[in-house]
Every structure is written in C-alpha cells, then in structure tokens.
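As structure tokens, the structure follows; a few thoughts come after it.
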Amino acid sequence: MPTDLTDDDAWLREERVRIGRRIREVREERGLTQQQVFLRAPLSRTYYQHVENGTKNPKLETLLRIARAIGVPLSELVG
C-alpha cells in the first residue's frame with residue numbers, strides 16, 4: 001500500500017488502466033468478444049470499451065457483472 005498519497009489521482013488512473021488491460025486479457029484468453037461481454041453484463045458498448053481502456057471508473061457492481069459475464073471470479077480481474 002502506498003504511503004505517500006500526494007499523487008492519488010495518478011495512482012487511480014494507473015490502476016484503472018491496469019484493471020482494464022487485465023479484463024481485456026482474460027476476455028481474450030476466454031475467446032470472448034467485447035460484444036459478448038457487454039451484452040451478458042449488460043452494459044452499453046461504449047461504457048464497456050471505456051472500462052477496458054481505463055477511462056471510466058466502474059462501480060464494484062459493474063466489475064462483478066463483467067467478471068460473471070467472462071466467467072471468472074472478480075479477483076482474477078483486479079488482483
């Protein structure tokens with residue numbers, strides 16, 4: 001856990017990007033398209049794309065829906 005929180009915004013951005021990349025990696029490993037995931041979740045196409053790109057800050061509920069749509073535990077996406 002970081003002890004210096006002076007650049008909290010940068011850290012949050014980096015974490016969103018890291019989690020988005022992980023979601024994309026796991027989705028692709030499972031052979032799923034973005035469309036399959038956002039329809040199963042259900043989420044809008046644009047919002048889901050922003051989550052994968054790390055430009056949106058999804059709620060825990062949204063991350064849980066994405067994990068379920070992909071077929072993995074949430075810990076596999078955020079750990």
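Going through the structure tokens in order, the chains are called A, B, and so on, while each chain numbers its residues from 1 and the ligands are numbered from 1 in the order shown.
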Excluding Phe38 of chain A and any residue of its chain fewer than 2 positions from it, enumerate the residues within 9 Å of it, using only C-alpha atoms, and give them as a list of chain:residue names.
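Those residues are A:Thr33, A:Gln34, A:Gln35, A:Gln36, A:Arg40, A:Ala41, A:Pro42, A:Leu43, A:Ser44, A:Arg45, A:Tyr47, A:Tyr48, A:Gln49, A:Ile66, A:Ala69.
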Residues as selected, N, CA and C atoms, written as an mmCIF file, in the first residue's frame, can you do that?
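Okay, this is what ended up in again_19.cif:
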```
data_model
loop_
_atom_site.group_PDB
_atom_site.id
_atom_site.type_symbol
_atom_site.label_atom_id
_atom_site.label_comp_id
_atom_site.auth_asym_id
_atom_site.auth_seq_id
_atom_site.Cartn_x
_atom_site.Cartn_y
_atom_site.Cartn_z
ATOM 1 N N THR A 33 -15.657 -11.934 -27.328
ATOM 2 C CA THR A 33 -15.598 -10.607 -27.921
ATOM 3 C C THR A 33 -16.110 -9.591 -26.906
ATOM 4 N N GLN A 34 -15.800 -8.334 -27.157
ATOM 5 C CA GLN A 34 -16.357 -7.286 -26.303
ATOM 6 C C GLN A 34 -17.880 -7.351 -26.317
ATOM 7 N N GLN A 35 -18.447 -7.566 -27.492
ATOM 8 C CA GLN A 35 -19.900 -7.599 -27.616
ATOM 9 C C GLN A 35 -20.508 -8.703 -26.750
ATOM 10 N N GLN A 36 -19.911 -9.875 -26.742
ATOM 11 C CA GLN A 36 -20.436 -10.954 -25.913
ATOM 12 C C GLN A 36 -20.446 -10.548 -24.441
ATOM 13 N N ARG A 40 -23.823 -9.658 -22.104
ATOM 14 C CA ARG A 40 -24.074 -10.545 -20.961
ATOM 15 C C ARG A 40 -24.124 -9.767 -19.648
ATOM 16 N N ALA A 41 -23.409 -8.638 -19.578
ATOM 17 C CA ALA A 41 -23.232 -7.937 -18.306
ATOM 18 C C ALA A 41 -24.515 -7.366 -17.683
ATOM 19 N N PRO A 42 -25.441 -6.757 -18.292
ATOM 20 C CA PRO A 42 -25.434 -5.989 -19.534
ATOM 21 C C PRO A 42 -24.927 -4.559 -19.303
ATOM 22 N N LEU A 43 -24.173 -4.079 -20.284
ATOM 23 C CA LEU A 43 -23.633 -2.723 -20.278
ATOM 24 C C LEU A 43 -23.721 -2.164 -21.686
ATOM 25 N N SER A 44 -23.615 -0.852 -21.802
ATOM 26 C CA SER A 44 -23.561 -0.285 -23.152
ATOM 27 C C SER A 44 -22.188 -0.578 -23.746
ATOM 28 N N ARG A 45 -22.156 -0.650 -25.048
ATOM 29 C CA ARG A 45 -20.903 -0.914 -25.758
ATOM 30 C C ARG A 45 -19.845 0.138 -25.394
ATOM 31 N N TYR A 47 -19.621 2.216 -22.815
ATOM 32 C CA TYR A 47 -19.170 2.172 -21.423
ATOM 33 C C TYR A 47 -18.190 1.022 -21.215
ATOM 34 N N TYR A 48 -18.521 -0.151 -21.754
ATOM 35 C CA TYR A 48 -17.627 -1.292 -21.602
ATOM 36 C C TYR A 48 -16.260 -1.009 -22.226
ATOM 37 N N GLN A 49 -16.250 -0.395 -23.390
ATOM 38 C CA GLN A 49 -14.986 -0.055 -24.038
ATOM 39 C C GLN A 49 -14.168 0.905 -23.175
ATOM 40 N N ILE A 66 -19.097 -7.838 -14.990
ATOM 41 C CA ILE A 66 -18.127 -8.156 -16.039
ATOM 42 C C ILE A 66 -17.459 -9.491 -15.739
ATOM 43 N N ALA A 69 -19.850 -12.214 -16.512
ATOM 44 C CA ALA A 69 -20.045 -12.358 -17.957
ATOM 45 C C ALA A 69 -18.866 -13.085 -18.599
#
```
DSSP on the backbone: which residues in chain A end up as helix (DSSP H, G or I)? Give the answer as an MDAnalysis selection string.
chainID A and resid 8:29 34:40 45:53 60:70 74:78
Coordinates-based distance that separates atom CA of Arg21 of chain A from atom CA of Pro58 of chain A (Å, one decimal):
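Computing the Euclidean distance for atom CA of Pro58 of chain A and atom CA of Arg21 of chain A yields 13.8 Å.
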Given the choices A:Arg22, A:Lys56, A:Arg30, A:His50, which gets closest to Leu74 of chain A if the distance is worked out from only C-alpha atoms?
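Selected residue with least distance to Leu74 of chain A: A:Arg22.
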List the neighbours of Glu29 of chain A out to 12 Å using only C-alpha atoms; skip same-chain residues closer than 6 positions along the sequence, and give me the result as a count of residues only.
5
What's the separation between atom CA of Ala10 of chain A and atom CA of Ala67 of chain A, in Å to one decimal place?
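Taking atom CA of Ala10 of chain A as the start and atom CA of Ala67 of chain A as the end point, the length is 25.0 Å.
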Polymer residues at most 12 Å from Glu15 of chain A, only C-alpha atoms, same-chain spacing of 4 or more positions, as JSON, numbers by chain:
{"A": [8, 9, 10, 11, 19, 20, 21, 22, 51, 52, 53, 54, 55, 56, 57, 58, 77, 78, 79]}
Could you save those same residues with N, CA and C atoms as a compact mmCIF listing (two decimals), in the first residue's frame?
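Final output, saved to out.txt:
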```
# COMPACT_ATOMS: atom_id res chain seq x y z
N ASP A 8 -2.46 10.85 -5.63
CA ASP A 8 -3.53 9.85 -5.60
C ASP A 8 -4.23 9.71 -6.95
N ASP A 9 -4.47 10.83 -7.65
CA ASP A 9 -5.17 10.79 -8.93
C ASP A 9 -4.39 9.97 -9.96
N ALA A 10 -3.09 10.16 -10.01
CA ALA A 10 -2.26 9.40 -10.96
C ALA A 10 -2.30 7.91 -10.63
N TRP A 11 -2.23 7.59 -9.36
CA TRP A 11 -2.28 6.19 -8.94
C TRP A 11 -3.61 5.56 -9.34
N ILE A 19 -6.41 -2.53 -14.52
CA ILE A 19 -7.57 -3.41 -14.41
C ILE A 19 -8.23 -3.58 -15.77
N GLY A 20 -8.35 -2.49 -16.54
CA GLY A 20 -8.93 -2.58 -17.88
C GLY A 20 -8.14 -3.52 -18.78
N ARG A 21 -6.81 -3.43 -18.71
CA ARG A 21 -5.97 -4.33 -19.51
C ARG A 21 -6.18 -5.78 -19.09
N ARG A 22 -6.29 -5.98 -17.78
CA ARG A 22 -6.49 -7.34 -17.29
C ARG A 22 -7.83 -7.90 -17.75
N VAL A 51 -14.28 1.06 -19.92
CA VAL A 51 -13.75 0.29 -18.79
C VAL A 51 -12.48 -0.44 -19.22
N GLU A 52 -12.51 -1.10 -20.37
CA GLU A 52 -11.31 -1.80 -20.86
C GLU A 52 -10.16 -0.84 -21.13
N ASN A 53 -10.46 0.36 -21.54
CA ASN A 53 -9.42 1.36 -21.82
C ASN A 53 -8.94 2.07 -20.56
N GLY A 54 -9.64 1.88 -19.46
CA GLY A 54 -9.25 2.51 -18.21
C GLY A 54 -9.66 3.96 -18.10
N THR A 55 -10.60 4.40 -18.92
CA THR A 55 -11.02 5.80 -18.87
C THR A 55 -12.28 6.02 -18.05
N LYS A 56 -12.91 4.97 -17.59
CA LYS A 56 -14.07 5.07 -16.69
C LYS A 56 -13.74 4.38 -15.38
N ASN A 57 -14.40 4.81 -14.34
CA ASN A 57 -14.21 4.25 -13.01
C ASN A 57 -15.45 3.42 -12.66
N PRO A 58 -15.45 2.14 -13.00
CA PRO A 58 -16.66 1.33 -12.79
C PRO A 58 -16.92 1.06 -11.31
N LEU A 77 -9.65 -10.54 -12.13
CA LEU A 77 -9.61 -9.32 -12.94
C LEU A 77 -8.92 -8.17 -12.23
N VAL A 78 -8.98 -8.14 -10.92
CA VAL A 78 -8.43 -6.98 -10.21
C VAL A 78 -7.20 -7.29 -9.39
N GLY A 79 -6.87 -8.57 -9.26
CA GLY A 79 -5.75 -8.97 -8.41
C GLY A 79 -4.41 -8.76 -9.05
```
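Between atom CA of Glu76 of chain A and atom CA of Arg18 of chain A the separation is 12.4 Å.
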